[in-house]
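Participant: I am sharing model14.csv, which consists of CSV, C-alpha atoms (C1' of nucleotides):
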chain,number,residue,atom,x,y,z
A,1,MET,CA,4.0,39.1,-7.4
A,2,LEU,CA,7.8,38.6,-7.4
A,3,HIS,CA,10.0,41.7,-7.9
A,4,PRO,CA,13.2,40.6,-9.5
A,5,ASP,CA,14.6,44.1,-9.3
A,6,LEU,CA,13.5,45.0,-5.9
A,7,LEU,CA,17.2,45.2,-4.9
A,8,LYS,CA,18.2,47.4,-7.7
A,9,ASP,CA,15.2,49.6,-7.1
A,10,HIS,CA,16.5,50.3,-3.7
A,11,ASN,CA,20.1,50.8,-4.8
A,12,LEU,CA,21.3,47.6,-3.2
A,13,ARG,CA,24.0,45.4,-4.8
A,14,SER,CA,22.6,42.1,-5.8
A,15,THR,CA,24.2,39.4,-3.7
A,16,SER,CA,23.1,35.8,-3.1
A,17,SER,CA,22.2,36.4,0.6
A,18,ARG,CA,20.1,39.4,-0.2
A,19,SER,CA,18.3,37.6,-3.0
A,20,GLU,CA,17.6,34.6,-1.0
A,21,ILE,CA,16.4,36.4,2.1
A,22,LEU,CA,14.2,38.7,-0.1
A,23,ARG,CA,12.7,35.6,-1.7
A,24,LEU,CA,11.8,34.2,1.8
A,25,PHE,CA,9.9,37.4,2.5
A,26,GLU,CA,8.2,37.4,-0.9
A,27,THR,CA,7.0,33.9,-0.5
A,28,SER,CA,5.9,34.0,3.1
A,29,SER,CA,2.4,34.8,4.1
A,30,HIS,CA,3.4,36.0,7.6
A,31,ALA,CA,6.0,38.1,9.2
A,32,LEU,CA,9.4,36.5,9.8
A,33,SER,CA,11.7,36.7,12.8
A,34,TYR,CA,15.4,36.4,12.6
A,35,SER,CA,15.2,32.8,13.7
A,36,ASP,CA,12.7,31.9,11.0
A,37,ILE,CA,15.2,33.2,8.5
A,38,GLU,CA,18.2,31.7,10.1
A,39,LYS,CA,16.5,28.3,10.0
A,40,GLU,CA,16.3,28.5,6.2
A,41,VAL,CA,19.6,29.9,5.3
A,42,SER,CA,22.1,28.9,8.1
A,43,ALA,CA,23.7,26.4,5.7
A,44,SER,CA,24.5,29.1,3.2
A,45,PHE,CA,25.1,32.3,5.1
A,46,ASP,CA,26.6,33.4,8.4
A,47,ARG,CA,24.4,34.7,11.3
A,48,VAL,CA,25.9,38.1,11.1
A,49,THR,CA,25.1,38.4,7.4
A,50,VAL,CA,21.4,37.7,8.2
A,51,TYR,CA,21.4,40.4,10.8
A,52,ARG,CA,23.1,42.8,8.5
A,53,THR,CA,20.8,42.1,5.6
A,54,LEU,CA,17.8,42.7,7.8
A,55,ARG,CA,19.2,46.0,9.0
A,56,THR,CA,20.0,47.0,5.4
A,57,PHE,CA,16.5,46.1,4.2
A,58,LEU,CA,15.0,48.1,7.1
A,59,ASP,CA,17.2,51.1,6.4
A,60,ARG,CA,16.3,51.1,2.7
A,61,GLY,CA,12.6,50.6,3.3
A,62,VAL,CA,12.5,47.1,1.8
A,63,ILE,CA,11.0,45.7,5.0
A,64,HIS,CA,9.4,47.1,8.1
A,65,LYS,CA,9.4,46.0,11.7
A,66,VAL,CA,6.5,44.0,13.0
A,67,LEU,CA,6.0,44.3,16.8
A,68,ASP,CA,5.8,41.3,18.9
A,69,ASP,CA,5.2,41.1,22.6
A,70,GLY,CA,7.3,38.0,23.0
A,71,GLY,CA,10.9,37.2,22.3
A,72,ALA,CA,12.0,38.7,19.1
A,73,LEU,CA,11.0,41.3,16.6
A,74,LYS,CA,9.6,40.2,13.3
A,75,TYR,CA,9.9,41.8,9.9
A,76,ALA,CA,7.7,41.9,6.8
A,77,LEU,CA,7.9,43.3,3.3
A,78,CYS,CA,6.8,46.9,2.8
A,79,ASN,CA,4.0,47.4,0.4
A,80,GLU,CA,3.1,50.5,-1.7
A,81,HIS,CA,1.6,52.1,1.4
A,82,CYS,CA,4.7,52.2,3.4
A,83,ARG,CA,7.3,53.7,1.1
A,84,VAL,CA,9.8,56.2,2.4
A,85,ALA,CA,8.0,58.9,0.5
A,86,GLU,CA,5.0,58.7,2.8
A,87,HIS,CA,5.2,61.3,5.6
A,88,HIS,CA,4.3,58.7,8.1
A,89,HIS,CA,3.9,55.0,8.5
A,90,ASP,CA,0.9,53.1,9.9
A,91,HIS,CA,0.9,49.4,10.4
A,92,VAL,CA,-1.7,47.0,11.6
A,93,HIS,CA,-0.6,43.5,12.4
A,94,PHE,CA,-2.6,40.5,13.7
A,95,LYS,CA,-0.8,38.0,15.9
A,96,CYS,CA,-2.5,34.7,16.4
A,97,THR,CA,-1.6,33.5,19.9
A,98,THR,CA,-2.4,29.9,19.0
A,99,CYS,CA,-0.1,29.4,15.9
A,100,GLY,CA,2.2,32.3,16.7
A,101,GLU,CA,2.1,33.8,13.2
A,102,THR,CA,1.7,37.4,12.6
A,103,GLN,CA,0.1,38.8,9.5
A,104,CYS,CA,0.0,42.3,8.1
A,105,LEU,CA,-3.6,43.6,7.7
A,106,ASP,CA,-3.0,46.1,5.0
A,107,ASP,CA,-6.7,46.7,4.4
A,108,VAL,CA,-7.4,47.7,8.0
A,109,GLU,CA,-7.1,51.4,8.5
A,110,ILE,CA,-6.1,52.9,11.8
A,111,PRO,CA,-8.7,55.5,12.7
A,112,SER,CA,-7.0,58.8,13.5
A,113,ILE,CA,-6.1,59.0,17.2
A,114,LYS,CA,-6.4,62.2,19.1
A,115,LEU,CA,-3.2,62.7,21.2
A,116,PRO,CA,-2.9,64.9,24.2
A,117,LYS,CA,-1.5,68.4,23.6
A,118,GLY,CA,2.2,68.5,22.8
A,119,TYR,CA,2.7,65.0,21.5
A,120,LYS,CA,3.8,64.7,17.9
A,121,ALA,CA,3.3,61.3,16.1
A,122,LYS,CA,5.5,60.0,13.3
A,123,GLU,CA,4.7,56.3,13.2
A,124,VAL,CA,1.8,54.3,14.5
A,125,ASN,CA,1.8,50.6,15.1
A,126,LEU,CA,-1.2,48.6,16.0
A,127,LEU,CA,-0.8,45.0,17.2
A,128,ILE,CA,-4.0,43.0,17.6
A,129,GLN,CA,-3.7,39.6,19.2
A,130,GLY,CA,-6.2,36.9,19.2
A,131,THR,CA,-7.1,33.9,17.1
A,132,CYS,CA,-6.7,33.7,13.3
A,133,PRO,CA,-9.4,32.2,11.0
A,134,THR,CA,-7.3,29.0,10.5
A,135,CYS,CA,-6.9,28.3,14.2
A,136,LEU,CA,-10.5,29.3,15.0
A,137,SER,CA,-11.8,26.8,12.5
A,138,GLU,CA,-9.7,24.0,14.1
A,139,LEU,CA,-11.1,24.4,17.6
B,140,MET,CA,-0.8,56.9,45.0
B,141,LEU,CA,1.3,54.1,46.6
B,142,HIS,CA,-0.4,50.8,47.2
B,143,PRO,CA,1.3,49.2,50.2
B,144,ASP,CA,-0.8,46.1,49.8
B,145,LEU,CA,-0.7,45.6,46.1
B,146,LEU,CA,1.3,42.4,46.6
B,147,LYS,CA,-1.2,41.0,49.1
B,148,ASP,CA,-4.0,42.0,46.8
B,149,HIS,CA,-2.6,39.8,44.2
B,150,ASN,CA,-1.9,36.9,46.5
B,151,LEU,CA,1.8,37.4,46.3
B,152,ARG,CA,4.2,36.8,49.2
B,153,SER,CA,5.8,40.0,50.4
B,154,THR,CA,9.5,39.8,49.8
B,155,SER,CA,12.1,42.6,49.6
B,156,SER,CA,12.8,42.2,45.9
B,157,ARG,CA,9.1,42.4,45.0
B,158,SER,CA,8.5,45.4,47.2
B,159,GLU,CA,11.5,47.2,45.8
B,160,ILE,CA,10.7,46.5,42.1
B,161,LEU,CA,7.1,47.4,42.7
B,162,ARG,CA,8.2,50.7,44.2
B,163,LEU,CA,10.3,51.4,41.1
B,164,PHE,CA,7.2,51.0,38.9
B,165,GLU,CA,5.0,53.1,41.3
B,166,THR,CA,7.5,56.0,41.3
B,167,SER,CA,8.3,55.9,37.6
B,168,SER,CA,6.6,58.1,35.1
B,169,HIS,CA,7.5,55.9,32.2
B,170,ALA,CA,7.6,52.2,31.3
B,171,LEU,CA,10.7,50.3,32.6
B,172,SER,CA,12.8,47.7,30.8
B,173,TYR,CA,14.6,44.9,32.4
B,174,SER,CA,17.8,46.9,32.2
B,175,ASP,CA,16.3,50.0,33.8
B,176,ILE,CA,15.3,47.8,36.8
B,177,GLU,CA,18.6,45.9,36.9
B,178,LYS,CA,20.5,49.2,37.1
B,179,GLU,CA,18.6,50.1,40.3
B,180,VAL,CA,18.6,46.8,42.1
B,181,SER,CA,21.7,44.9,40.9
B,182,ALA,CA,23.4,45.5,44.2
B,183,SER,CA,20.6,43.9,46.1
B,184,PHE,CA,19.2,41.2,43.9
B,185,ASP,CA,20.2,38.6,41.4
B,186,ARG,CA,19.4,39.1,37.7
B,187,VAL,CA,17.3,36.0,37.7
B,188,THR,CA,15.2,37.3,40.5
B,189,VAL,CA,14.5,40.4,38.5
B,190,TYR,CA,13.4,38.3,35.5
B,191,ARG,CA,11.3,36.1,37.7
B,192,THR,CA,9.7,39.0,39.5
B,193,LEU,CA,8.7,40.5,36.2
B,194,ARG,CA,7.2,37.3,35.0
B,195,THR,CA,5.3,36.9,38.3
B,196,PHE,CA,4.0,40.4,38.1
B,197,LEU,CA,2.9,39.8,34.5
B,198,ASP,CA,1.1,36.6,35.4
B,199,ARG,CA,-0.8,38.1,38.2
B,200,GLY,CA,-1.8,41.2,36.4
B,201,VAL,CA,0.3,43.6,38.4
B,202,ILE,CA,2.1,44.9,35.3
B,203,HIS,CA,1.6,44.7,31.6
B,204,LYS,CA,3.9,44.5,28.7
B,205,VAL,CA,4.7,47.7,26.8
B,206,LEU,CA,5.8,47.1,23.2
B,207,ASP,CA,9.0,48.5,21.9
B,208,ASP,CA,10.4,48.2,18.4
B,209,GLY,CA,13.9,48.3,19.6
B,210,GLY,CA,15.9,46.1,21.9
B,211,ALA,CA,13.9,45.0,24.8
B,212,LEU,CA,10.3,44.8,26.0
B,213,LYS,CA,9.2,47.3,28.7
B,214,TYR,CA,6.7,47.0,31.4
B,215,ALA,CA,4.4,49.3,33.3
B,216,LEU,CA,1.9,49.1,36.2
B,217,CYS,CA,-1.6,48.1,35.3
B,218,ASN,CA,-4.3,50.6,36.2
B,219,GLU,CA,-8.0,50.0,36.9
B,220,HIS,CA,-8.7,49.6,33.2
B,221,CYS,CA,-6.5,46.6,32.7
B,222,ARG,CA,-7.5,44.2,35.5
B,223,VAL,CA,-7.8,40.6,34.7
B,224,ALA,CA,-11.6,40.9,35.1
B,225,GLU,CA,-11.9,42.8,31.9
B,226,HIS,CA,-12.6,40.6,29.0
B,227,HIS,CA,-9.9,42.2,26.9
B,228,HIS,CA,-7.0,44.6,27.2
B,229,ASP,CA,-6.4,47.7,25.3
B,230,HIS,CA,-3.2,49.7,25.7
B,231,VAL,CA,-2.0,52.9,24.1
B,232,HIS,CA,1.6,53.8,24.6
B,233,PHE,CA,3.7,56.7,23.3
B,234,LYS,CA,7.4,56.3,22.7
B,235,CYS,CA,9.5,59.3,22.3
B,236,THR,CA,12.2,58.5,19.8
B,237,THR,CA,14.3,61.4,21.1
B,238,CYS,CA,14.5,60.6,24.8
B,239,GLY,CA,13.6,56.9,24.4
B,240,GLU,CA,10.9,57.0,27.1
B,241,THR,CA,7.6,55.3,26.7
B,242,GLN,CA,4.5,56.5,28.5
B,243,CYS,CA,1.1,54.9,28.9
B,244,LEU,CA,-1.6,57.2,27.5
B,245,ASP,CA,-4.5,55.9,29.7
B,246,ASP,CA,-6.9,58.6,28.5
B,247,VAL,CA,-6.6,57.8,24.8
B,248,GLU,CA,-9.2,55.4,23.7
B,249,ILE,CA,-8.6,53.0,20.8
B,250,PRO,CA,-11.5,53.4,18.4
B,251,SER,CA,-13.0,50.1,17.6
B,252,ILE,CA,-11.3,48.4,14.7
B,253,LYS,CA,-13.2,46.4,12.1
B,254,LEU,CA,-11.3,43.1,11.5
B,255,PRO,CA,-11.6,41.0,8.4
B,256,LYS,CA,-14.0,38.1,8.8
B,257,GLY,CA,-12.8,35.2,10.9
B,258,TYR,CA,-10.3,37.1,13.1
B,259,LYS,CA,-11.1,37.2,16.8
B,260,ALA,CA,-9.3,39.8,18.9
B,261,LYS,CA,-8.4,39.4,22.6
B,262,GLU,CA,-5.9,42.2,23.1
B,263,VAL,CA,-5.1,45.4,21.3
B,264,ASN,CA,-1.8,47.3,21.6
B,265,LEU,CA,-1.2,50.6,20.0
B,266,LEU,CA,2.3,52.0,19.9
B,267,ILE,CA,2.6,55.6,18.8
B,268,GLN,CA,6.1,56.9,18.2
B,269,GLY,CA,7.2,60.4,17.8
B,270,THR,CA,8.3,63.3,20.0
B,271,CYS,CA,7.1,63.9,23.5
B,272,PRO,CA,6.1,67.4,24.8
B,273,THR,CA,9.4,67.7,26.8
B,274,CYS,CA,11.6,66.9,23.9
B,275,LEU,CA,9.6,69.0,21.5
B,276,SER,CA,10.0,72.1,23.7
B,277,GLU,CA,13.8,71.6,23.8
B,278,LEU,CA,14.3,71.7,20.0
C,279,DT,C1',37.9,41.4,-20.8
C,280,DA,C1',40.7,42.8,-17.1
C,281,DC,C1',41.2,46.3,-13.6
C,282,DT,C1',39.8,49.1,-9.7
C,283,DT,C1',37.4,50.3,-5.8
C,284,DA,C1',33.8,50.5,-2.8
C,285,DT,C1',30.7,47.3,-0.7
C,286,DT,C1',29.7,43.1,1.4
C,287,DT,C1',30.8,38.9,3.8
C,288,DG,C1',32.6,35.4,7.3
C,289,DA,C1',34.8,34.6,11.4
C,290,DA,C1',35.8,35.5,16.1
C,291,DA,C1',34.9,37.9,20.0
C,292,DC,C1',31.9,40.2,22.8
C,293,DA,C1',27.5,42.0,25.1
C,294,DA,C1',22.8,41.8,26.4
C,295,DT,C1',18.7,39.3,27.1
C,296,DG,C1',16.4,35.5,28.9
C,297,DT,C1',15.7,30.5,30.9
C,298,DT,C1',16.4,26.2,33.8
C,299,DG,C1',17.8,23.1,37.7
C,300,DC,C1',18.9,22.7,42.2
C,301,DA,C1',20.1,23.6,47.0
C,302,DA,C1',19.7,27.2,50.5
C,303,DA,C1',16.9,30.7,52.5
C,304,DT,C1',12.6,32.7,53.9
C,305,DA,C1',7.4,34.1,54.2
C,306,DT,C1',3.4,32.5,56.0
C,307,DA,C1',0.2,29.6,58.4
C,308,DA,C1',-0.7,26.3,62.0
D,309,DT,C1',8.1,27.6,67.1
D,310,DT,C1',7.8,24.6,63.7
D,311,DA,C1',6.4,22.8,59.2
D,312,DT,C1',5.8,23.6,54.5
D,313,DA,C1',5.4,25.7,50.3
D,314,DT,C1',7.4,29.5,47.9
D,315,DT,C1',11.2,32.3,46.6
D,316,DT,C1',16.0,33.3,46.0
D,317,DG,C1',20.9,32.9,44.4
D,318,DC,C1',24.1,30.7,41.8
D,319,DA,C1',25.9,28.3,37.9
D,320,DA,C1',25.2,26.9,33.5
D,321,DC,C1',23.1,27.5,29.3
D,322,DA,C1',20.5,29.4,25.1
D,323,DT,C1',19.2,33.1,22.1
D,324,DT,C1',19.6,37.6,20.2
D,325,DG,C1',22.3,41.1,18.5
D,326,DT,C1',26.8,44.0,17.7
D,327,DT,C1',31.7,45.2,16.4
D,328,DT,C1',36.2,44.7,14.3
D,329,DC,C1',39.0,43.4,10.6
D,330,DA,C1',40.7,40.9,6.8
D,331,DA,C1',39.2,38.4,2.6
D,332,DA,C1',35.9,38.1,-1.1
D,333,DT,C1',32.9,40.1,-4.5
D,334,DA,C1',29.6,43.3,-7.3
D,335,DA,C1',29.7,46.7,-10.5
D,336,DG,C1',31.6,50.5,-13.0
D,337,DT,C1',35.5,51.8,-16.0
D,338,DA,C1',39.6,51.4,-19.1
Do you think you could lay out the structure here as structure tokens?

Facilitator:
Amino acid sequence: MLHPDLLKDHNLRSTSSRSEILRLFETSSHALSYSDIEKEVSASFDRVTVYRTLRTFLDRGVIHKVLDDGGALKYALCNEHCRVAEHHHDHVHFKCTTCGETQCLDDVEIPSIKLPKGYKAKEVNLLIQGTCPTCLSEL
Amino acid sequence: MLHPDLLKDHNLRSTSSRSEILRLFETSSHALSYSDIEKEVSASFDRVTVYRTLRTFLDRGVIHKVLDDGGALKYALCNEHCRVAEHHHDHVHFKCTTCGETQCLDDVEIPSIKLPKGYKAKEVNLLIQGTCPTCLSEL
DNA sequence: TACTTATTTGAAACAATGTTGCAAATATAA
DNA sequence: TTATATTTGCAACATTGTTTCAAATAAGTA
């Protein structure tokens, strides 16, 4: 499941910060916030480098934003469905309000939404909040 | 359309900061961020009071959060559909990436989403981004 | 391999967003 | 009018995010 050439594929120079941060995304089951990443790499890289790496990954379509209704934005790896080639992006994320983790639900389709006249949609984000299977089973 | 007793209705003491901030929401056609509000009331009230008023309004169900994939969260007045009484909250918002304004689309229904087994939803937020009628007509 | 150049990084400074503790001020009820 | 619980302002702090610029480095070329 690892993509050793994901950087090259996106025309990005291979640097240790990018490889390391990419590895974090590849091995995480849930979306990561800046602070999640900072915790892991603060010994090796500067804060600013983390922010810049995230922005670069976003710009090149390596990761996408994951909405959060709390403090900070989160990010997750793009899959085949959300390549730049696609004419528009749909994302469904589930945030567990108990453990705080947010997962991409790639298999859930957003039914087509009928917008009022005059609105033109480019990107659709659905954030569902509730309790995840793990936390539900621990109640 | 103004609710002079919206504060009393929510068991909130009537203070000038609350009335003023509530008025901003009632007269705005789009969701407001902290900085939108701060711009209007900084001469009269302290920053902290604005943050605390927003939190109080959220806690009491006067306003709800409006997701944004950029800098800061936004807020908008709750309507009849999103009272605390309801067992769960559904929100549809449209953000125009040209003018930056976000509107509540109260008339748009979120079709029911089938979640994978084990997930329990409490709140659903749909953020649609694109171009609003006003900006479309100015192209 | 060594050189060249464009890109990336770290460090410092700054700006915006958001929270907490505490004393002073004020809304409401008696 | 007074008593009390709530709200406010202020100071201090914490987190999140950006910009500038010089130093370091990745990658292509001689």

Participant: Give me, as JSON lines, each residue of chain D that comes within 9 Å of chain A, together with its shortest interatomic pair and the distance in Å at one decimal, counting all atoms listed in the file, with rows ordered by chain and rising residue number.

Facilitator:
{"residue": "D:DT324", "atom": "C1'", "partner": "A:Ala72", "partner_atom": "CA", "distance": 7.8}
{"residue": "D:DG325", "atom": "C1'", "partner": "A:Tyr51", "partner_atom": "CA", "distance": 7.8}
{"residue": "D:DT326", "atom": "C1'", "partner": "A:Val48", "partner_atom": "CA", "distance": 8.9}
{"residue": "D:DT333", "atom": "C1'", "partner": "A:Thr15", "partner_atom": "CA", "distance": 8.8}
{"residue": "D:DA334", "atom": "C1'", "partner": "A:Arg13", "partner_atom": "CA", "distance": 6.5}
{"residue": "D:DA335", "atom": "C1'", "partner": "A:Arg13", "partner_atom": "CA", "distance": 8.2}

Participant: Let's have chain A fitted on chain B; use all the C-alpha atoms paired in order for the least-squares step and return it as a CSV table (one decimal) with C-alpha atoms, keeping the file's coordinate frame.

Facilitator:
chain,number,residue,atom,x,y,z
A,1,MET,CA,-0.8,56.9,45.0
A,2,LEU,CA,1.3,54.2,46.6
A,3,HIS,CA,-0.4,50.8,47.3
A,4,PRO,CA,1.3,49.2,50.2
A,5,ASP,CA,-0.8,46.1,49.8
A,6,LEU,CA,-0.6,45.7,46.2
A,7,LEU,CA,1.3,42.4,46.7
A,8,LYS,CA,-1.2,41.0,49.1
A,9,ASP,CA,-4.0,42.0,46.9
A,10,HIS,CA,-2.6,39.8,44.2
A,11,ASN,CA,-1.8,36.9,46.5
A,12,LEU,CA,1.9,37.4,46.3
A,13,ARG,CA,4.2,36.9,49.3
A,14,SER,CA,5.8,40.0,50.4
A,15,THR,CA,9.5,39.8,49.8
A,16,SER,CA,12.1,42.6,49.6
A,17,SER,CA,12.7,42.2,45.8
A,18,ARG,CA,9.1,42.3,45.0
A,19,SER,CA,8.6,45.4,47.2
A,20,GLU,CA,11.5,47.2,45.8
A,21,ILE,CA,10.8,46.5,42.2
A,22,LEU,CA,7.0,47.4,42.7
A,23,ARG,CA,8.2,50.7,44.2
A,24,LEU,CA,10.3,51.4,41.1
A,25,PHE,CA,7.2,51.0,39.0
A,26,GLU,CA,5.1,53.1,41.3
A,27,THR,CA,7.5,55.9,41.3
A,28,SER,CA,8.4,56.0,37.6
A,29,SER,CA,6.5,58.1,35.1
A,30,HIS,CA,7.5,55.8,32.1
A,31,ALA,CA,7.6,52.2,31.3
A,32,LEU,CA,10.7,50.3,32.5
A,33,SER,CA,12.7,47.7,30.7
A,34,TYR,CA,14.6,45.0,32.5
A,35,SER,CA,17.8,46.9,32.2
A,36,ASP,CA,16.3,50.0,33.8
A,37,ILE,CA,15.4,47.8,36.7
A,38,GLU,CA,18.5,45.9,36.9
A,39,LYS,CA,20.5,49.2,37.0
A,40,GLU,CA,18.7,50.1,40.3
A,41,VAL,CA,18.7,46.9,42.1
A,42,SER,CA,21.7,44.8,40.8
A,43,ALA,CA,23.5,45.5,44.2
A,44,SER,CA,20.6,43.9,46.1
A,45,PHE,CA,19.1,41.2,43.9
A,46,ASP,CA,20.3,38.6,41.4
A,47,ARG,CA,19.4,39.0,37.6
A,48,VAL,CA,17.3,36.0,37.6
A,49,THR,CA,15.2,37.2,40.5
A,50,VAL,CA,14.4,40.4,38.5
A,51,TYR,CA,13.3,38.3,35.6
A,52,ARG,CA,11.3,36.1,37.7
A,53,THR,CA,9.6,39.0,39.6
A,54,LEU,CA,8.7,40.6,36.3
A,55,ARG,CA,7.2,37.3,35.0
A,56,THR,CA,5.3,36.9,38.3
A,57,PHE,CA,3.9,40.5,38.2
A,58,LEU,CA,2.8,39.9,34.5
A,59,ASP,CA,1.2,36.6,35.4
A,60,ARG,CA,-0.7,38.1,38.3
A,61,GLY,CA,-1.8,41.2,36.4
A,62,VAL,CA,0.4,43.6,38.5
A,63,ILE,CA,2.1,44.9,35.3
A,64,HIS,CA,1.5,44.7,31.6
A,65,LYS,CA,3.9,44.5,28.7
A,66,VAL,CA,4.7,47.7,26.8
A,67,LEU,CA,5.8,47.1,23.2
A,68,ASP,CA,8.9,48.5,21.9
A,69,ASP,CA,10.3,48.3,18.4
A,70,GLY,CA,13.9,48.2,19.6
A,71,GLY,CA,15.8,46.0,21.9
A,72,ALA,CA,13.8,45.0,24.8
A,73,LEU,CA,10.3,44.8,26.0
A,74,LYS,CA,9.2,47.3,28.6
A,75,TYR,CA,6.7,46.9,31.4
A,76,ALA,CA,4.4,49.3,33.3
A,77,LEU,CA,1.9,49.1,36.1
A,78,CYS,CA,-1.6,48.1,35.3
A,79,ASN,CA,-4.3,50.5,36.2
A,80,GLU,CA,-8.0,50.0,37.0
A,81,HIS,CA,-8.7,49.6,33.3
A,82,CYS,CA,-6.5,46.6,32.7
A,83,ARG,CA,-7.5,44.2,35.5
A,84,VAL,CA,-7.8,40.5,34.8
A,85,ALA,CA,-11.6,40.9,35.1
A,86,GLU,CA,-11.8,42.9,31.9
A,87,HIS,CA,-12.7,40.6,28.9
A,88,HIS,CA,-10.0,42.3,27.0
A,89,HIS,CA,-7.1,44.6,27.3
A,90,ASP,CA,-6.3,47.7,25.2
A,91,HIS,CA,-3.2,49.7,25.6
A,92,VAL,CA,-2.0,52.9,24.1
A,93,HIS,CA,1.6,53.8,24.6
A,94,PHE,CA,3.7,56.8,23.3
A,95,LYS,CA,7.4,56.3,22.6
A,96,CYS,CA,9.4,59.4,22.3
A,97,THR,CA,12.2,58.5,19.8
A,98,THR,CA,14.3,61.4,21.1
A,99,CYS,CA,14.5,60.5,24.9
A,100,GLY,CA,13.6,56.9,24.4
A,101,GLU,CA,10.9,56.9,27.2
A,102,THR,CA,7.6,55.3,26.7
A,103,GLN,CA,4.5,56.5,28.5
A,104,CYS,CA,1.1,54.9,28.9
A,105,LEU,CA,-1.7,57.1,27.5
A,106,ASP,CA,-4.5,55.8,29.6
A,107,ASP,CA,-6.9,58.6,28.5
A,108,VAL,CA,-6.5,57.8,24.8
A,109,GLU,CA,-9.1,55.4,23.7
A,110,ILE,CA,-8.5,53.0,20.8
A,111,PRO,CA,-11.4,53.4,18.4
A,112,SER,CA,-13.0,50.0,17.6
A,113,ILE,CA,-11.2,48.4,14.6
A,114,LYS,CA,-13.1,46.4,12.1
A,115,LEU,CA,-11.2,43.1,11.4
A,116,PRO,CA,-11.6,41.0,8.4
A,117,LYS,CA,-14.0,38.0,8.7
A,118,GLY,CA,-12.8,35.2,10.9
A,119,TYR,CA,-10.3,37.1,13.0
A,120,LYS,CA,-11.0,37.1,16.7
A,121,ALA,CA,-9.3,39.8,18.9
A,122,LYS,CA,-8.4,39.4,22.5
A,123,GLU,CA,-5.8,42.2,23.1
A,124,VAL,CA,-5.0,45.3,21.3
A,125,ASN,CA,-1.8,47.3,21.6
A,126,LEU,CA,-1.2,50.6,20.0
A,127,LEU,CA,2.3,52.0,19.9
A,128,ILE,CA,2.6,55.6,18.7
A,129,GLN,CA,6.1,56.9,18.2
A,130,GLY,CA,7.1,60.5,17.8
A,131,THR,CA,8.3,63.3,20.0
A,132,CYS,CA,7.1,63.9,23.5
A,133,PRO,CA,6.1,67.4,24.8
A,134,THR,CA,9.4,67.7,26.8
A,135,CYS,CA,11.6,66.9,23.9
A,136,LEU,CA,9.6,69.1,21.5
A,137,SER,CA,9.9,72.1,23.8
A,138,GLU,CA,13.8,71.6,23.8
A,139,LEU,CA,14.2,71.7,20.1

Participant: I'd like the interatomic distance between CA of Leu73 (chain A) and CA of Leu206 (chain B), to a tenth of an Å.

Facilitator: 10.2 Å

Participant: What does the distance from CA of Leu197 (chain B) to C1' of DA303 (chain C) come to in Å, to one decimal?

Facilitator: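 Between CA of Leu197 (chain B) and C1' of DA303 (chain C) the gap is 24.6 Å.
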
Participant: Using all atoms listed in the file, which residue out of C:DT298, C:DA293, C:DA307, C:DG288 lies closest to chain A?

Facilitator: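 The closest residue to chain A is C:DG288.
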
Participant: Distance limit 12 Å, atoms considered: only C-alpha atoms (C1' of nucleotides). Which chain C residues sit that close to chain A? Return them as a count of residues only.

Facilitator: 10

Participant: Which residues come within 7 Å of Tyr214 (chain B), counting all atoms listed in the file, excluding same-chain residues fewer than 5 positions away, as a VMD selection string?

Facilitator: chain B and resid 170 to 172 202 to 205

Participant: For CA of Thr97 (chain A) and CA of Lys253 (chain B), quote the distance in Å rounded to one decimal.

Facilitator: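 Atom-to-atom, CA of Thr97 (chain A) to CA of Lys253 (chain B), that is 19.0 Å.
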
Participant: Specify as a VMD selection string all residues of chain A found within 9 Å of chain B, counting only C-alpha atoms.

Facilitator: chain A and resid 65 to 73 94 96 105 107 to 134 136 to 137

Participant: A:Leu54, A:Cys104, A:Leu24, A:Leu139: which is nearest Lys39 (chain A), counting all atoms listed in the file?

Facilitator: A:Leu24
